[in-house]
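Enquirer: Dropping the structure in here first, questions after.
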Amino acid sequence: MLYLWLKAAHLIFVIFWMAGLFMMPRFFVYHQEAAAGSPEAALWVEREAKLKKIILNPSLIVVWLLGLVLAVQIGAFAQGWFHAKLLFVLLLSGYHGWMIGYAKKLARGERKMTGKKLRLINEVPGIAAAIIVILVIVKPF
Ligand code: HEM
């Protein structure tokens with residue numbers, strides 16, 4: 001019973017985390033459409049910092065903690081699907097880290113990527129999430 005409550009909490013925070021991962025690059029696109037150094041650009045810096053502090057970072061921590069507790073409970077470390085899931089979760093965590101770094105660059109006025117590239121990279125969390133859900137539900141290996 002406790003296991004199911006933990007799993008429900010895991011999924012709730014996965015949803016929060018994914019929402020943040022989808023929102024941030026969108027923020028970057030709008031941010032870059034504002035003139036550098038303008039009051040609007042400053043507003044986007046603030047919004048990005050809030051998204052990171054209130055949604056992204058806390059969700060990342062809770063998803064990892066609960067996921068690892070679940071994994072220990074069911075002995076997932078010995079199962080193939082879990083190894084593959086870990087790989088994609090690490091990819092998502094790396095993507096999370098890249099976004100935090102890019103937000104810092106934007107706050108300093110550096111705009112390294114085009115809006116088109118940012119929109120393209122925004123496909124990463126969706127594809128990774130689809131693969132992860134198939135791995136945990138179907139457990140193909
Ligand atoms: C961050 C590290 C993560 C770890 C260590 C982890 C680990 C786990 C474990 C061990 C389970 C239990 C599986 C079972 O009861 O058969 C689980 C369930 C689940 N996880 Fe994660 N997870 C993580 C992140 C994620 C992410 C990012 C997603 C989706 C994008 C996700 C989606 C799910 C889903 C859909 C389930 C429910 C599967 C079911 O109904 O049995 N997890 N997770």
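In the structure tokens, each chain is lettered A, B, ... as it comes, each chain's residues begin at 1, and ligands are numbered from 1 in order of appearance.
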What are the closest atom pairs, with distances in Å to one decimal, for each residue of chain A lying within 9 Å of ligand 1, using only C-alpha atoms and all ligand atoms, rows by chain and rising residue number, as a Markdown table?
Expert:
| residue | atom | partner | partner_atom_place_in_ligand_line | distance |
| --- | --- | --- | --- | --- |
| A:Tyr3 | CA | ligand 1 | 15 (O) | 8.1 |
| A:Leu4 | CA | ligand 1 | 15 (O) | 8.1 |
| A:Lys7 | CA | ligand 1 | 18 (C) | 6.0 |
| A:Ala8 | CA | ligand 1 | 37 (C) | 8.1 |
| A:His10 | CA | ligand 1 | 21 (Fe) | 6.7 |
| A:Leu11 | CA | ligand 1 | 33 (C) | 6.0 |
| A:Phe13 | CA | ligand 1 | 26 (C) | 8.8 |
| A:Val14 | CA | ligand 1 | 26 (C) | 5.5 |
| A:Ile15 | CA | ligand 1 | 30 (C) | 7.6 |
| A:Trp17 | CA | ligand 1 | 27 (C) | 7.7 |
| A:Met18 | CA | ligand 1 | 30 (C) | 6.8 |
| A:Leu60 | CA | ligand 1 | 1 (C) | 6.9 |
| A:Ile61 | CA | ligand 1 | 1 (C) | 8.0 |
| A:Val62 | CA | ligand 1 | 1 (C) | 8.3 |
| A:Val63 | CA | ligand 1 | 1 (C) | 5.1 |
| A:Trp64 | CA | ligand 1 | 1 (C) | 3.8 |
| A:Leu65 | CA | ligand 1 | 5 (C) | 7.2 |
| A:Leu66 | CA | ligand 1 | 4 (C) | 7.1 |
| A:Gly67 | CA | ligand 1 | 6 (C) | 3.5 |
| A:Leu68 | CA | ligand 1 | 5 (C) | 4.2 |
| A:Val69 | CA | ligand 1 | 10 (C) | 7.1 |
| A:Leu70 | CA | ligand 1 | 10 (C) | 4.3 |
| A:Ala71 | CA | ligand 1 | 10 (C) | 3.4 |
| A:Val72 | CA | ligand 1 | 10 (C) | 7.1 |
| A:Gln73 | CA | ligand 1 | 10 (C) | 7.6 |
| A:Ile74 | CA | ligand 1 | 10 (C) | 6.8 |
| A:Gly75 | CA | ligand 1 | 10 (C) | 8.0 |
| A:Ala76 | CA | ligand 1 | 10 (C) | 5.8 |
| A:Phe77 | CA | ligand 1 | 10 (C) | 8.4 |
| A:Phe82 | CA | ligand 1 | 10 (C) | 7.2 |
| A:Lys85 | CA | ligand 1 | 22 (N) | 7.4 |
| A:Leu86 | CA | ligand 1 | 5 (C) | 6.5 |
| A:Phe88 | CA | ligand 1 | 27 (C) | 7.9 |
| A:Val89 | CA | ligand 1 | 27 (C) | 5.4 |
| A:Leu90 | CA | ligand 1 | 1 (C) | 7.4 |
| A:Leu92 | CA | ligand 1 | 27 (C) | 7.1 |
| A:Ser93 | CA | ligand 1 | 1 (C) | 7.7 |
| A:Pro125 | CA | ligand 1 | 30 (C) | 8.0 |
| A:Gly126 | CA | ligand 1 | 30 (C) | 8.3 |
| A:Ala128 | CA | ligand 1 | 30 (C) | 6.9 |
| A:Ala129 | CA | ligand 1 | 30 (C) | 3.9 |
| A:Ala130 | CA | ligand 1 | 30 (C) | 7.0 |
| A:Ile131 | CA | ligand 1 | 30 (C) | 8.1 |
| A:Ile132 | CA | ligand 1 | 29 (C) | 5.5 |
| A:Val133 | CA | ligand 1 | 35 (C) | 4.8 |
| A:Ile134 | CA | ligand 1 | 35 (C) | 8.0 |
| A:Leu135 | CA | ligand 1 | 38 (C) | 8.6 |
| A:Val136 | CA | ligand 1 | 38 (C) | 4.9 |
| A:Ile137 | CA | ligand 1 | 38 (C) | 5.2 |
| A:Val138 | CA | ligand 1 | 38 (C) | 8.8 |
| A:Lys139 | CA | ligand 1 | 16 (O) | 8.1 |
Enquirer: For region 47-52 of chain A, work out the shell of residues within 10 Å, counting only C-alpha atoms and skipping chain neighbours fewer than 6 positions away, then give it as a PyMOL selection string.
Expert: chain A and resi 20-21+23-25+27-28+31+41+58-59+96+99-100+103-104+106-107
Enquirer: Just N, CA, C and O atoms for this one: save the residues we selected as a CSV table (one decimal), in the first residue's frame.
Expert:
chain,number,residue,atom,x,y,z
A,20,GLY,N,7.9,21.7,-16.2
A,20,GLY,CA,9.0,22.7,-16.2
A,20,GLY,C,9.9,22.5,-17.3
A,20,GLY,O,10.4,23.5,-18.0
A,21,LEU,N,10.2,21.3,-17.7
A,21,LEU,CA,11.2,21.0,-18.8
A,21,LEU,C,10.6,21.5,-20.1
A,21,LEU,O,11.3,21.9,-21.0
A,23,MET,N,8.3,24.0,-20.4
A,23,MET,CA,8.1,25.5,-20.3
A,23,MET,C,9.4,26.3,-20.5
A,23,MET,O,9.4,27.3,-21.2
A,24,MET,N,10.5,25.8,-19.9
A,24,MET,CA,11.7,26.7,-19.9
A,24,MET,C,12.2,27.1,-21.3
A,24,MET,O,12.4,28.2,-21.5
A,25,PRO,N,12.4,26.1,-22.2
A,25,PRO,CA,12.9,26.5,-23.6
A,25,PRO,C,11.9,27.5,-24.3
A,25,PRO,O,12.3,28.4,-25.1
A,27,PHE,N,10.2,29.7,-22.7
A,27,PHE,CA,10.6,31.0,-22.0
A,27,PHE,C,11.8,31.6,-22.7
A,27,PHE,O,11.9,32.8,-23.0
A,28,PHE,N,12.8,30.7,-23.0
A,28,PHE,CA,14.0,31.2,-23.7
A,28,PHE,C,13.7,31.8,-25.0
A,28,PHE,O,14.2,32.9,-25.4
A,31,HIS,N,12.1,35.1,-24.4
A,31,HIS,CA,13.2,36.0,-23.8
A,31,HIS,C,14.0,36.6,-24.9
A,31,HIS,O,14.3,37.8,-25.0
A,41,ALA,N,13.2,41.9,-21.1
A,41,ALA,CA,14.2,40.8,-21.0
A,41,ALA,C,14.5,40.6,-19.5
A,41,ALA,O,14.6,39.4,-19.1
A,58,PRO,N,13.0,21.6,-7.3
A,58,PRO,CA,12.4,20.7,-6.3
A,58,PRO,C,11.9,19.4,-6.9
A,58,PRO,O,12.0,18.3,-6.4
A,59,SER,N,11.2,19.5,-8.1
A,59,SER,CA,10.7,18.3,-8.8
A,59,SER,C,11.8,17.3,-9.1
A,59,SER,O,11.6,16.1,-8.9
A,96,HIS,N,18.1,19.1,-18.1
A,96,HIS,CA,17.7,20.0,-17.0
A,96,HIS,C,18.9,20.9,-16.7
A,96,HIS,O,18.8,22.1,-16.6
A,99,MET,N,19.7,23.5,-19.3
A,99,MET,CA,18.7,24.6,-19.3
A,99,MET,C,19.1,25.6,-18.2
A,99,MET,O,19.0,26.8,-18.5
A,100,ILE,N,19.5,25.1,-17.1
A,100,ILE,CA,19.8,26.0,-16.0
A,100,ILE,C,21.0,26.8,-16.4
A,100,ILE,O,21.1,28.0,-16.2
A,103,ALA,N,20.0,29.5,-19.0
A,103,ALA,CA,19.3,30.6,-18.3
A,103,ALA,C,20.3,31.5,-17.7
A,103,ALA,O,20.1,32.8,-17.8
A,104,LYS,N,21.4,31.0,-17.1
A,104,LYS,CA,22.4,31.9,-16.6
A,104,LYS,C,23.1,32.7,-17.7
A,104,LYS,O,23.3,33.9,-17.5
A,106,LEU,N,21.7,33.6,-20.5
A,106,LEU,CA,20.8,34.6,-21.0
A,106,LEU,C,20.7,35.8,-20.0
A,106,LEU,O,20.6,36.9,-20.4
A,107,ALA,N,20.8,35.4,-18.7
A,107,ALA,CA,20.8,36.5,-17.7
A,107,ALA,C,22.0,37.4,-17.8
A,107,ALA,O,21.9,38.6,-17.5
Enquirer: Can you measure CA of Lys53 (chain A) to CA of Glu110 (chain A) for me? One decimal in Å is fine.
Expert: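 Pair CA of Lys53 (chain A) / CA of Glu110 (chain A) returns 21.2 Å.
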Enquirer: Just how far from CA of Glu33 (chain A) is CA of Arg111 (chain A), in Å to one decimal?
Expert: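 Pair CA of Arg111 (chain A) / CA of Glu33 (chain A) returns 10.6 Å.
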Enquirer: Just give me the gap between CA of Leu87 (chain A) and CA of Ile127 (chain A) in Å, one decimal is fine.
Expert: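 Separation between CA of Leu87 (chain A) and CA of Ile127 (chain A): 13.4 Å.
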